[in-house]
file target.cif (mmCIF, C-alpha atoms)
data_structure
#
loop_
_atom_site.label_atom_id
_atom_site.label_comp_id
_atom_site.auth_asym_id
_atom_site.auth_seq_id
_atom_site.Cartn_x
_atom_site.Cartn_y
_atom_site.Cartn_z
CA MET Y 1 58.32 35.11 54.43
CA SER Y 2 57.68 32.97 57.53
CA GLU Y 3 60.86 34.14 59.29
CA LYS Y 4 59.77 37.79 59.01
CA LEU Y 5 56.44 37.02 60.65
CA THR Y 6 57.82 35.26 63.73
CA PRO Y 7 59.60 36.94 66.67
CA LYS Y 8 63.39 36.97 66.65
CA GLY Y 9 64.88 33.60 67.52
CA MET Y 10 61.59 31.73 67.10
CA ARG Y 11 60.37 29.54 64.25
CA ASP Y 12 57.46 27.76 62.64
CA PHE Y 13 57.91 24.00 62.32
CA PHE Y 14 56.35 22.56 59.17
CA PRO Y 15 55.13 18.93 59.02
CA GLU Y 16 58.43 17.55 57.65
CA GLU Y 17 60.36 18.92 60.61
CA MET Y 18 57.65 18.18 63.17
CA ILE Y 19 57.58 14.52 62.16
CA MET Y 20 61.34 14.28 62.69
CA ARG Y 21 61.06 16.11 66.02
CA GLU Y 22 58.15 14.00 67.26
CA ARG Y 23 59.91 10.77 66.33
CA ALA Y 24 63.10 11.90 68.08
CA ILE Y 25 61.20 12.94 71.21
CA GLU Y 26 59.28 9.64 71.22
CA LYS Y 27 62.56 7.70 71.17
CA ILE Y 28 64.06 9.77 73.99
CA THR Y 29 60.85 9.45 76.02
CA SER Y 30 60.82 5.67 75.61
CA ILE Y 31 64.38 5.43 76.98
CA TYR Y 32 63.57 7.71 79.93
CA ARG Y 33 60.56 5.54 80.79
CA LEU Y 34 62.69 2.39 80.42
CA TYR Y 35 64.80 3.62 83.33
CA GLY Y 36 61.75 4.31 85.50
CA PHE Y 37 61.61 8.09 85.13
CA ARG Y 38 58.17 9.66 85.54
CA PRO Y 39 56.73 12.68 83.70
CA LEU Y 40 56.21 16.07 85.35
CA ASP Y 41 54.63 19.09 83.66
CA THR Y 42 54.63 22.65 85.00
CA PRO Y 43 53.54 26.11 83.76
CA ALA Y 44 55.60 27.97 81.16
CA LEU Y 45 55.38 31.00 83.46
CA GLU Y 46 57.08 31.30 86.84
CA TYR Y 47 57.34 34.21 89.26
CA ILE Y 48 60.41 36.34 88.57
CA SER Y 49 61.47 35.84 92.19
CA THR Y 50 61.39 32.07 91.60
CA LEU Y 51 63.47 32.32 88.42
CA LYS Y 52 66.02 34.72 89.89
CA ALA Y 53 66.56 32.56 92.96
CA LYS Y 54 68.52 30.18 90.76
CA ALA Y 55 69.74 32.41 87.94
CA GLY Y 56 73.06 34.21 88.04
CA ASP Y 57 73.40 37.73 86.67
CA GLU Y 58 74.01 36.48 83.13
CA ILE Y 59 70.92 34.25 83.02
CA ALA Y 60 68.76 36.79 84.88
CA GLY Y 61 69.32 39.19 81.99
CA GLN Y 62 67.98 36.57 79.55
CA ILE Y 63 64.57 36.13 81.18
CA PHE Y 64 61.54 37.08 79.07
CA LYS Y 65 59.44 39.15 81.50
CA LEU Y 66 55.75 39.93 81.22
CA GLU Y 67 54.65 43.55 81.44
CA ASN Y 68 53.74 43.33 85.11
CA GLU Y 69 57.36 42.29 85.87
CA GLU Y 70 56.02 39.69 88.33
CA THR Y 71 56.21 36.68 86.03
CA GLY Y 72 58.47 35.48 83.23
CA LEU Y 73 58.98 32.55 80.88
CA ARG Y 74 61.03 29.70 82.33
CA PHE Y 75 64.63 29.63 81.06
CA ASP Y 76 65.14 25.95 81.93
CA LEU Y 77 63.25 22.96 83.32
CA THR Y 78 65.25 22.63 86.56
CA VAL Y 79 63.66 25.61 88.35
CA PRO Y 80 60.12 24.15 88.13
CA LEU Y 81 61.40 20.75 89.30
CA ALA Y 82 63.18 22.33 92.28
CA ARG Y 83 60.09 24.37 93.21
CA VAL Y 84 57.76 21.34 92.98
CA SER Y 85 60.12 18.92 94.77
CA ALA Y 86 60.86 21.35 97.61
CA ASN Y 87 57.18 21.94 98.37
CA ASN Y 88 55.52 18.55 97.90
CA ALA Y 89 55.80 15.14 99.55
CA ILE Y 90 56.97 12.85 96.74
CA PRO Y 91 58.43 9.32 97.19
CA LYS Y 92 62.23 9.48 96.93
CA PRO Y 93 64.21 9.14 94.91
CA PHE Y 94 62.00 11.17 92.58
CA LYS Y 95 63.09 10.28 89.06
CA ARG Y 96 61.46 12.86 86.84
CA TYR Y 97 61.60 13.59 83.12
CA CYS Y 98 60.28 16.61 81.25
CA ILE Y 99 60.59 17.30 77.52
CA SER Y 100 59.31 20.79 76.80
CA THR Y 101 59.98 24.36 75.71
CA VAL Y 102 62.11 26.99 77.44
CA TRP Y 103 62.98 30.58 76.51
CA ARG Y 104 66.12 32.70 76.77
CA LYS Y 105 66.45 36.27 75.57
CA GLU Y 106 69.86 35.89 73.92
CA GLU Y 107 71.30 36.18 70.42
CA PRO Y 108 70.29 33.19 68.25
CA GLN Y 109 73.11 30.91 67.05
CA LYS Y 110 73.52 27.67 65.13
CA GLY Y 111 71.51 24.98 66.90
CA ARG Y 112 70.26 27.41 69.57
CA MET Y 113 67.28 29.76 69.31
CA ARG Y 114 65.49 31.98 71.83
CA GLU Y 115 62.71 29.42 72.09
CA PHE Y 116 64.00 25.86 72.27
CA TRP Y 117 63.22 22.38 73.55
CA GLN Y 118 65.07 20.44 76.23
CA ALA Y 119 64.77 16.81 77.29
CA ASP Y 120 65.57 16.71 81.01
CA ALA Y 121 65.97 13.77 83.36
CA ASP Y 122 66.64 14.46 87.06
CA ILE Y 123 66.93 12.48 90.28
CA VAL Y 124 65.93 14.14 93.57
CA GLY Y 125 66.64 12.53 96.93
CA SER Y 126 69.78 10.48 96.24
CA LYS Y 127 73.24 11.32 97.54
CA SER Y 128 74.89 8.36 95.80
CA MET Y 129 77.00 8.63 92.66
CA ARG Y 130 74.89 5.77 91.35
CA SER Y 131 72.48 8.51 90.27
CA GLU Y 132 75.09 10.21 88.07
CA SER Y 133 76.02 6.83 86.58
CA GLU Y 134 72.38 6.13 85.79
CA LEU Y 135 71.95 9.52 84.11
CA LEU Y 136 75.01 9.03 81.89
CA ASN Y 137 73.91 5.52 80.89
CA LEU Y 138 70.41 6.87 80.22
CA ALA Y 139 71.71 9.67 77.97
CA ASN Y 140 74.02 7.27 76.14
CA ASN Y 141 71.13 4.90 75.36
CA ALA Y 142 68.88 7.77 74.26
CA ILE Y 143 71.50 9.08 71.82
CA ILE Y 144 72.14 5.60 70.40
CA ALA Y 145 68.36 5.12 70.02
CA LEU Y 146 68.38 8.24 67.82
CA GLY Y 147 70.79 6.47 65.47
CA PHE Y 148 74.07 8.11 66.49
CA ASP Y 149 77.32 6.43 67.50
CA LYS Y 150 78.40 6.46 71.12
CA PRO Y 151 78.75 10.05 72.32
CA LEU Y 152 81.72 11.45 74.24
CA PHE Y 153 80.98 12.37 77.87
CA ILE Y 154 83.20 15.12 79.32
CA LEU Y 155 83.40 14.83 83.11
CA ASN Y 156 84.67 17.02 85.95
CA ASN Y 157 83.77 17.90 89.55
CA ARG Y 158 83.08 21.37 90.96
CA LYS Y 159 84.49 20.25 94.33
CA ILE Y 160 87.93 19.99 92.70
CA LEU Y 161 87.58 23.41 91.08
CA ASN Y 162 86.35 24.99 94.32
CA VAL Y 163 89.34 23.69 96.29
CA LEU Y 164 91.66 24.95 93.54
CA ALA Y 165 90.11 28.39 93.95
CA LYS Y 166 90.66 28.22 97.70
CA ASN Y 167 94.27 26.95 97.45
CA LEU Y 168 95.18 29.59 94.89
CA GLU Y 169 93.39 32.29 96.87
CA PHE Y 170 90.88 33.51 94.31
CA GLU Y 171 87.63 32.50 96.02
CA ASN Y 172 86.30 36.06 95.74
CA GLU Y 173 86.94 36.03 91.98
CA LYS Y 174 85.88 32.39 91.57
CA ASP Y 175 82.62 33.01 89.70
CA MET Y 176 84.30 35.38 87.23
CA VAL Y 177 87.18 32.94 86.66
CA PHE Y 178 84.80 30.02 86.11
CA ARG Y 179 82.71 32.04 83.66
CA LEU Y 180 85.87 32.79 81.68
CA LEU Y 181 86.92 29.12 81.68
CA ASP Y 182 83.46 28.27 80.36
CA LYS Y 183 84.17 30.46 77.30
CA ILE Y 184 87.43 28.81 76.18
CA ASP Y 185 85.75 27.29 73.11
CA LYS Y 186 84.64 30.79 72.02
CA LEU Y 187 87.60 32.94 73.09
CA GLY Y 188 90.53 30.52 72.87
CA MET Y 189 92.98 29.34 75.53
CA GLN Y 190 95.42 32.26 75.28
CA ARG Y 191 92.74 34.96 75.58
CA VAL Y 192 91.12 33.27 78.59
CA HIS Y 193 94.50 32.83 80.29
CA GLU Y 194 95.25 36.54 79.80
CA ASP Y 195 91.86 37.60 81.17
CA ILE Y 196 92.19 35.33 84.22
CA GLU Y 197 95.72 36.63 84.80
CA LYS Y 198 94.27 40.13 85.10
CA LEU Y 199 91.93 38.90 87.82
CA ILE Y 200 94.18 36.71 89.99
CA GLY Y 201 97.74 37.49 88.90
CA LYS Y 202 100.20 35.66 86.65
CA LYS Y 203 101.51 33.25 89.31
CA ASN Y 204 98.08 31.96 90.29
CA ALA Y 205 96.84 31.87 86.71
CA ASP Y 206 99.86 29.80 85.65
CA ALA Y 207 99.38 27.44 88.61
CA LEU Y 208 95.69 27.06 87.76
CA PHE Y 209 96.38 26.25 84.11
CA ASP Y 210 99.12 23.77 85.09
CA VAL Y 211 96.43 21.68 86.77
CA LEU Y 212 93.71 22.24 84.19
CA THR Y 213 95.97 21.19 81.30
CA THR Y 214 96.86 17.84 82.92
CA LYS Y 215 97.33 15.23 80.19
CA GLY Y 216 97.03 11.45 80.33
CA SER Y 217 94.39 8.82 81.02
CA ASN Y 218 91.37 9.24 83.28
CA GLU Y 219 93.21 7.27 85.96
CA GLU Y 220 96.18 9.64 85.77
CA LYS Y 221 93.91 12.67 86.02
CA ILE Y 222 92.08 11.20 89.01
CA ALA Y 223 95.46 10.68 90.71
CA VAL Y 224 96.17 14.41 90.23
CA ALA Y 225 92.65 15.31 91.44
CA LYS Y 226 93.08 13.27 94.64
CA LYS Y 227 95.96 15.55 95.65
CA ILE Y 228 93.59 18.52 95.36
CA ASN Y 229 90.30 17.12 96.67
CA GLU Y 230 90.02 13.42 97.46
CA GLU Y 231 86.23 13.45 97.83
CA GLY Y 232 85.66 14.95 94.40
CA ALA Y 233 88.18 12.61 92.80
CA LYS Y 234 86.58 9.54 94.38
CA GLU Y 235 83.18 10.63 93.07
CA LEU Y 236 84.56 10.74 89.54
CA GLU Y 237 86.19 7.34 90.10
CA GLU Y 238 82.89 5.81 91.22
CA ILE Y 239 80.95 7.25 88.26
CA ILE Y 240 83.48 5.88 85.77
CA ALA Y 241 83.44 2.45 87.47
CA ASN Y 242 79.66 2.23 86.93
CA THR Y 243 79.74 3.47 83.32
CA ASN Y 244 82.57 1.33 81.97
CA GLU Y 245 80.94 0.84 78.56
CA LEU Y 246 80.69 4.59 77.93
CA ASN Y 247 83.14 6.87 76.19
CA ILE Y 248 84.22 9.16 79.07
CA LYS Y 249 87.00 11.74 79.30
CA ILE Y 250 87.88 13.74 82.40
CA ASP Y 251 88.59 17.37 81.50
CA PHE Y 252 89.48 19.81 84.29
CA PHE Y 253 88.56 22.74 82.04
CA LEU Y 254 84.89 21.74 82.15
CA VAL Y 255 83.10 24.25 84.40
CA ARG Y 256 79.48 24.64 83.26
CA GLY Y 257 78.87 28.30 83.97
CA LEU Y 258 75.88 28.11 86.30
CA GLY Y 259 77.06 28.58 89.87
CA TYR Y 260 74.59 26.22 91.58
CA TYR Y 261 76.51 23.03 90.70
CA THR Y 262 77.99 21.38 93.79
CA GLY Y 263 79.64 18.17 92.57
CA PRO Y 264 80.11 16.15 89.37
CA ILE Y 265 79.38 18.01 86.12
CA PHE Y 266 79.25 16.65 82.60
CA GLU Y 267 78.71 17.55 78.95
CA ILE Y 268 77.91 15.43 75.91
CA LYS Y 269 79.55 15.84 72.51
CA LEU Y 270 78.58 14.32 69.17
CA SER Y 271 80.14 16.79 66.75
CA ASP Y 272 82.88 19.42 66.93
CA GLU Y 273 80.80 21.60 64.61
CA ILE Y 274 77.81 21.97 66.92
CA GLY Y 275 79.48 21.89 70.34
CA ASN Y 276 77.87 20.00 73.20
CA ILE Y 277 74.38 18.54 72.74
CA GLY Y 278 73.64 18.16 76.42
CA GLY Y 279 74.98 18.35 79.92
CA GLY Y 280 74.20 18.60 83.57
CA GLY Y 281 75.49 17.88 87.04
CA ARG Y 282 74.77 17.71 90.75
CA TYR Y 283 73.02 20.64 92.43
CA ASP Y 284 72.50 19.60 96.05
CA GLY Y 285 71.88 23.13 97.36
CA LEU Y 286 69.29 24.31 94.86
CA LEU Y 287 66.07 22.93 96.34
CA GLY Y 288 66.73 24.79 99.57
CA LEU Y 289 66.14 28.07 97.72
CA TYR Y 290 62.52 27.03 97.15
CA GLY Y 291 61.66 25.31 100.42
CA GLN Y 292 62.88 21.96 101.76
CA ASN Y 293 66.43 21.12 100.65
CA ASP Y 294 67.42 17.73 99.24
CA TYR Y 295 70.06 16.02 97.12
CA ALA Y 296 69.56 16.46 93.37
CA THR Y 297 71.31 15.76 90.08
CA GLY Y 298 70.20 15.93 86.46
CA ILE Y 299 71.04 15.81 82.79
CA SER Y 300 69.54 17.62 79.80
CA LEU Y 301 69.61 16.83 76.09
CA GLY Y 302 69.28 19.82 73.74
CA ILE Y 303 66.59 18.93 71.21
CA GLU Y 304 67.52 21.77 68.82
CA ARG Y 305 71.14 20.71 68.46
CA ILE Y 306 70.16 17.06 68.15
CA MET Y 307 67.66 17.99 65.44
CA TYR Y 308 70.34 19.93 63.57
CA LEU Y 309 72.48 16.78 63.44
CA ILE Y 310 69.52 14.56 62.53
CA LYS Y 311 68.63 16.86 59.62
CA GLU Y 312 72.24 16.88 58.41
CA ARG Y 313 72.25 13.09 58.47
CA ASN Y 314 68.76 12.62 56.95
CA SER Y 315 68.79 15.46 54.41
CA ILE Y 316 67.79 13.06 51.60
CA ASN Y 317 65.30 10.83 53.43
CA ILE Y 318 62.72 13.34 54.73
CA ARG Y 319 59.30 12.06 55.75
CA ARG Y 320 56.43 14.42 54.93
CA THR Y 321 53.51 12.59 56.53
CA TYR Y 322 52.61 9.75 58.86
CA THR Y 323 50.10 8.51 56.26
CA ARG Y 324 51.02 5.15 54.74
CA VAL Y 325 47.90 4.53 52.62
CA PHE Y 326 45.76 6.88 50.53
CA VAL Y 327 42.34 5.61 49.40
CA ALA Y 328 41.58 7.14 46.01
CA SER Y 329 38.02 6.90 44.75
CA LEU Y 330 36.23 7.47 41.48
CA LYS Y 331 33.12 9.63 41.45
CA GLY Y 332 30.25 7.98 43.31
CA TYR Y 333 32.41 5.60 45.38
CA PHE Y 334 33.42 7.81 48.31
CA GLU Y 335 31.22 5.94 50.82
CA GLN Y 336 33.00 2.67 50.01
CA SER Y 337 36.37 4.43 50.21
CA MET Y 338 35.56 5.63 53.73
CA LYS Y 339 34.70 2.08 54.82
CA ILE Y 340 38.01 0.76 53.43
CA ALA Y 341 39.98 3.55 55.11
CA ASN Y 342 38.37 2.71 58.43
CA GLU Y 343 39.40 -0.95 58.08
CA PHE Y 344 43.03 0.14 57.64
CA ARG Y 345 42.74 2.53 60.59
CA LYS Y 346 41.37 -0.29 62.76
CA ALA Y 347 44.55 -2.16 61.81
CA LYS Y 348 46.58 0.83 63.13
CA ILE Y 349 47.70 1.90 59.64
CA ALA Y 350 47.58 5.68 59.05
CA THR Y 351 45.20 6.24 56.14
CA GLU Y 352 43.73 9.20 54.24
CA VAL Y 353 40.83 9.60 51.81
CA ASP Y 354 40.20 12.18 49.11
CA LEU Y 355 38.28 15.14 50.55
CA ASN Y 356 38.16 17.35 47.44
CA GLU Y 357 36.45 15.15 44.80
CA ARG Y 358 39.53 15.28 42.58
CA SER Y 359 40.34 13.28 39.48
CA LEU Y 360 42.30 10.05 39.91
CA SER Y 361 45.46 11.66 38.51
CA LYS Y 362 45.18 14.57 40.96
CA GLN Y 363 44.78 12.11 43.82
CA PHE Y 364 47.95 10.33 42.67
CA ASP Y 365 49.75 13.68 42.53
CA TYR Y 366 48.74 14.37 46.13
CA ALA Y 367 50.00 10.97 47.32
CA ASN Y 368 53.30 11.45 45.46
CA ALA Y 369 53.76 14.96 46.87
CA LEU Y 370 53.56 13.60 50.42
CA GLY Y 371 55.58 10.46 49.71
CA ILE Y 372 52.68 8.11 50.58
CA ASN Y 373 53.79 4.60 49.68
CA TYR Y 374 50.47 2.98 48.78
CA VAL Y 375 47.29 4.11 47.02
CA ILE Y 376 44.10 2.07 47.05
CA ILE Y 377 41.90 2.53 43.98
CA MET Y 378 38.18 2.14 44.49
CA GLY Y 379 35.82 1.86 41.52
CA GLU Y 380 33.16 -0.26 39.79
CA LYS Y 381 35.46 -3.24 39.11
CA GLU Y 382 36.59 -3.40 42.71
CA ILE Y 383 33.01 -3.23 44.02
CA LYS Y 384 31.88 -6.10 41.78
CA GLU Y 385 34.72 -8.39 42.86
CA ASN Y 386 34.56 -7.29 46.54
CA LYS Y 387 38.26 -6.45 46.38
CA ILE Y 388 40.51 -3.42 46.14
CA THR Y 389 43.36 -2.39 43.87
CA LEU Y 390 46.58 -1.70 45.77
CA ARG Y 391 49.12 0.42 43.92
CA ASN Y 392 52.76 0.64 45.05
CA MET Y 393 53.64 4.26 44.30
CA LYS Y 394 57.37 3.57 44.09
CA SER Y 395 57.23 0.65 41.64
CA GLY Y 396 53.91 1.53 39.95
CA ILE Y 397 52.74 -2.09 40.32
CA GLU Y 398 49.00 -2.58 40.87
CA GLU Y 399 47.40 -5.71 42.36
CA LEU Y 400 43.77 -6.69 42.87
CA MET Y 401 43.34 -8.29 46.31
CA SER Y 402 41.19 -8.55 49.41
CA ILE Y 403 41.32 -5.88 52.10
CA GLU Y 404 42.87 -8.40 54.52
CA LYS Y 405 45.69 -9.22 52.12
CA ALA Y 406 46.29 -5.53 51.40
CA ILE Y 407 46.56 -4.78 55.13
CA GLU Y 408 49.06 -7.62 55.48
CA LYS Y 409 51.10 -6.39 52.52
CA VAL Y 410 51.25 -2.80 53.80
CA ARG Y 411 52.34 -4.04 57.22
CA GLU Y 412 55.17 -6.00 55.61
#
call {"tool": "encode", "arguments": {"input": "target.cif", "output": "structure tokens"}}
result
Amino acid sequence: MSEKLTPKGMRDFFPEEMIMRERAIEKITSIYRLYGFRPLDTPALEYISTLKAKAGDEIAGQIFKLENEETGLRFDLTVPLARVSANNAIPKPFKRYCISTVWRKEEPQKGRMREFWQADADIVGSKSMRSESELLNLANNAIIALGFDKPLFILNNRKILNVLAKNLEFENEKDMVFRLLDKIDKLGMQRVHEDIEKLIGKKNADALFDVLTTKGSNEEKIAVAKKINEEGAKELEEIIANTNELNIKIDFFLVRGLGYYTGPIFEIKLSDEIGNIGGGGRYDGLLGLYGQNDYATGISLGIERIMYLIKERNSINIRRTYTRVFVASLKGYFEQSMKIANEFRKAKIATEVDLNERSLSKQFDYANALGINYVIIMGEKEIKENKITLRNMKSGIEELMSIEKAIEKVRE
């Protein structure tokens, strides 16, 4: 019923899912902060002129516009960063993170809705490839913190692709060719080759694919890249040298469709089933569209795709509440139950009390339904002995003890 009541491509998140999402976001946030990134928040709405300054034709068609056609919902978190950085004096490098919602008016697909969350980390004001290395290390640590194995980072450089376009004389068709290359996973190699051939001719298409299909180690691919564009190849070399513990693969087919990228680009893969779970790159020319230009690079983790993989992995162990203790009370003992609950809350233990004057069995049913591990029983016996009864809901074992001992036991 819920799906029929929400707009296409948008969802309600019930407590079970929200707990997983909040915990995942907290872990990512903690890693971003560990690297010295600072939070930035901006409005969900931007002027259409601001959004279109960055967006290509394909993205411009995906903007949710308001009726006045002057404003629309942001389609990513980079536009607001570029607008803010280009118009404010901020100490550089500005290492910013933002984990929030964006909207794109496109057909929903597995792991991607019209409303979705991104976890972005960007560095403004640094020309050095040290920034790219830091972003890749940051993303690697965030993904490991979420409980996954080391991800695969796919790496390329738009400088190499741009020189290829110039050498093979298809600069005018470059954007169309790159958009086709970006769709290889969907359309297949043969179909993309045929479509590119129609644009730039068989000879140039064959020459292009000869380079793009280069096999071998990263070192061997960099050697090939140096013959095309030494600057771009050296940038890749420097990034890899500073990320030697990461799983990195150079792939000349990697394009990332957005045309504003000016240097290294990257994507992150965890599963063949879901595609990439993040990506980014250098966009040195973007801030100039909004005011003062500066160097900039960034990476984004897709929360929706990460959550899809987390749910697949944790399908059995789903947490329904943050509550760890439920204080059940017999009739006439609610005041004492409140006092006990407050002692547990002072100890930073999430605790609930019965708000509906239910029978003891009904209170147990409630705790079981939410998977609450401990129930405290409060009645005449407990009042007389100045103790509480702590029941382990998994084992069914009950023990009479002091509040202090119960707090210690729950913490253990």
call {"tool": "residues_near_point", "arguments": {"input": "target.cif", "point": "(83.2, 6.6, 80.5)", "cutoff": "12 Å", "atoms": "only C-alpha atoms", "output": "NGL selection string"}}
result
:Y and (132-133 or 136-137 or 140 or 150-156 or 217-219 or 236-250 or 266-268)
call {"tool": "resolve_selection", "arguments": {"input": "target.cif", "expression": "the PyMOL selection byres ((chain Y and resi 25) around 12)", "output": "NGL selection string"}}
result
:Y and (18-24 or 26-32 or 97-100 or 117-120 or 142-143 or 145-146 or 301-304 or 306-307)
call {"tool": "atom_distance", "arguments": {"input": "target.cif", "atom1": "atom CA of Leu309 of chain Y", "atom2": "atom CA of Thr6 of chain Y"}}
result
23.6 Å
call {"tool": "closest_residue", "arguments": {"input": "target.cif", "among": "Y:Arg74, Y:Arg282, Y:Lys8, Y:Lys348", "to": "Asp122 of chain Y", "atoms": "only C-alpha atoms"}}
result
Y:Arg282
call {"tool": "closest_residue", "arguments": {"input": "target.cif", "among": "Y:Lys198, Y:Phe252, Y:Gln62, Y:Arg83", "to": "Gly216 of chain Y", "atoms": "all atoms listed in the file"}}
result
Y:Phe252
call {"tool": "closest_residue", "arguments": {"input": "target.cif", "among": "Y:Lys331, Y:Phe326, Y:Leu45, Y:Asn229", "to": "Asp365 of chain Y", "atoms": "all atoms listed in the file"}}
result
Y:Phe326
call {"tool": "closest_residue", "arguments": {"input": "target.cif", "among": "Y:Gly298, Y:Gly275, Y:Gly379, Y:Gly288", "to": "Gly332 of chain Y", "atoms": "only C-alpha atoms"}}
result
Y:Gly379
call {"tool": "resolve_selection", "arguments": {"input": "target.cif", "expression": "the PyMOL selection byres ((chain Y and resi 254) around 12)", "output": "ChimeraX atom specification"}}
result
/Y:153-158,160-161,178-185,212-213,249-253,255-258,264-268,276,279-281
call {"tool": "resolve_selection", "arguments": {"input": "target.cif", "expression": "the PyMOL selection byres ((chain Y and resi 170-175) around 10)", "output": "list in words"}}
result
Gly56, Leu161, Asn162, Val163, Leu164, Ala165, Lys166, Asn167, Leu168, Glu169, Met176, Val177, Phe178, Arg179, Leu180, Leu181, Ile196, Leu199, Ile200, Gly201, Asn204, Ala205, Gly257, Leu258 and Gly259 of chain Y
call {"tool": "write_last_selection", "arguments": {"input": "target.cif", "atoms": "C-alpha atoms", "output": "PDB file, keeping the file's coordinate frame"}}
result
ATOM      1  CA  GLY Y  56      73.060  34.210  88.040  1.00  0.00           C
ATOM      2  CA  LEU Y 161      87.580  23.410  91.080  1.00  0.00           C
ATOM      3  CA  ASN Y 162      86.350  24.990  94.320  1.00  0.00           C
ATOM      4  CA  VAL Y 163      89.340  23.690  96.290  1.00  0.00           C
ATOM      5  CA  LEU Y 164      91.660  24.950  93.540  1.00  0.00           C
ATOM      6  CA  ALA Y 165      90.110  28.390  93.950  1.00  0.00           C
ATOM      7  CA  LYS Y 166      90.660  28.220  97.700  1.00  0.00           C
ATOM      8  CA  ASN Y 167      94.270  26.950  97.450  1.00  0.00           C
ATOM      9  CA  LEU Y 168      95.180  29.590  94.890  1.00  0.00           C
ATOM     10  CA  GLU Y 169      93.390  32.290  96.870  1.00  0.00           C
ATOM     11  CA  MET Y 176      84.300  35.380  87.230  1.00  0.00           C
ATOM     12  CA  VAL Y 177      87.180  32.940  86.660  1.00  0.00           C
ATOM     13  CA  PHE Y 178      84.800  30.020  86.110  1.00  0.00           C
ATOM     14  CA  ARG Y 179      82.710  32.040  83.660  1.00  0.00           C
ATOM     15  CA  LEU Y 180      85.870  32.790  81.680  1.00  0.00           C
ATOM     16  CA  LEU Y 181      86.920  29.120  81.680  1.00  0.00           C
ATOM     17  CA  ILE Y 196      92.190  35.330  84.220  1.00  0.00           C
ATOM     18  CA  LEU Y 199      91.930  38.900  87.820  1.00  0.00           C
ATOM     19  CA  ILE Y 200      94.180  36.710  89.990  1.00  0.00           C
ATOM     20  CA  GLY Y 201      97.740  37.490  88.900  1.00  0.00           C
ATOM     21  CA  ASN Y 204      98.080  31.960  90.290  1.00  0.00           C
ATOM     22  CA  ALA Y 205      96.840  31.870  86.710  1.00  0.00           C
ATOM     23  CA  GLY Y 257      78.870  28.300  83.970  1.00  0.00           C
ATOM     24  CA  LEU Y 258      75.880  28.110  86.300  1.00  0.00           C
ATOM     25  CA  GLY Y 259      77.060  28.580  89.870  1.00  0.00           C
TER      26      GLY Y 259
END
call {"tool": "atom_distance", "arguments": {"input": "target.cif", "atom1": "atom CA of Lys226 of chain Y", "atom2": "atom CA of Thr214 of chain Y"}}
result
13.1 Å
call {"tool": "atom_distance", "arguments": {"input": "target.cif", "atom1": "atom CA of Asp272 of chain Y", "atom2": "atom CA of Lys234 of chain Y"}}
result
29.4 Å
call {"tool": "closest_residue", "arguments": {"input": "target.cif", "among": "Y:Ile228, Y:Ile310, Y:Ala328, Y:Ile349", "to": "Tyr366 of chain Y", "atoms": "all atoms listed in the file"}}
result
Y:Ala328
call {"tool": "residues_around", "arguments": {"input": "target.cif", "residues": "segment 392-402 of chain Y", "least_positions_apart": "6", "cutoff": "8 Å", "atoms": "all atoms listed in the file", "output": "list in words"}}
result
Asn368, Ile372, Asn373, Tyr374, Val375, Glu382 and Asn386 of chain Y
call {"tool": "write_last_selection", "arguments": {"input": "target.cif", "atoms": "C-alpha atoms", "output": "compact mmCIF listing (two decimals), keeping the file's coordinate frame"}}
result
# COMPACT_ATOMS: atom_id res chain seq x y z
CA ASN Y 368 53.30 11.45 45.46
CA ILE Y 372 52.68 8.11 50.58
CA ASN Y 373 53.79 4.60 49.68
CA TYR Y 374 50.47 2.98 48.78
CA VAL Y 375 47.29 4.11 47.02
CA GLU Y 382 36.59 -3.40 42.71
CA ASN Y 386 34.56 -7.29 46.54
call {"tool": "residues_around", "arguments": {"input": "target.cif", "residues": "Leu73 of chain Y", "least_positions_apart": "2", "cutoff": "9 Å", "atoms": "all atoms listed in the file", "output": "list in words"}}
result
Pro43, Ala44, Leu45, Glu46, Tyr47, Ile48, Leu51, Ile63, Phe64, Lys65, Leu66, Thr71, Phe75, Val102, Trp103 and Arg104 of chain Y
call {"tool": "closest_residue", "arguments": {"input": "target.cif", "among": "Y:Ile407, Y:Leu5, Y:Glu107, Y:Asn87", "to": "Asn342 of chain Y", "atoms": "all atoms listed in the file"}}
result
Y:Ile407
call {"tool": "residues_near_point", "arguments": {"input": "target.cif", "point": "(70.6, 22.9, 99.0)", "cutoff": "7 Å", "atoms": "all atoms listed in the file", "output": "PyMOL selection string"}}
result
chain Y and resi 284-289+293-294
call {"tool": "write_last_selection", "arguments": {"input": "target.cif", "atoms": "C-alpha atoms", "output": "PDB file, keeping the file's coordinate frame"}}
result
ATOM      1  CA  ASP Y 284      72.500  19.600  96.050  1.00  0.00           C
ATOM      2  CA  GLY Y 285      71.880  23.130  97.360  1.00  0.00           C
ATOM      3  CA  LEU Y 286      69.290  24.310  94.860  1.00  0.00           C
ATOM      4  CA  LEU Y 287      66.070  22.930  96.340  1.00  0.00           C
ATOM      5  CA  GLY Y 288      66.730  24.790  99.570  1.00  0.00           C
ATOM      6  CA  LEU Y 289      66.140  28.070  97.720  1.00  0.00           C
ATOM      7  CA  ASN Y 293      66.430  21.120 100.650  1.00  0.00           C
ATOM      8  CA  ASP Y 294      67.420  17.730  99.240  1.00  0.00           C
TER       9      ASP Y 294
END
call {"tool": "residues_around", "arguments": {"input": "target.cif", "residues": "Asn88 of chain Y", "least_positions_apart": "4", "cutoff": "10 Å", "atoms": "only C-alpha atoms", "output": "list of chain:residue names"}}
result
Y:Arg83, Y:Val84, Y:Gly291, Y:Gln292
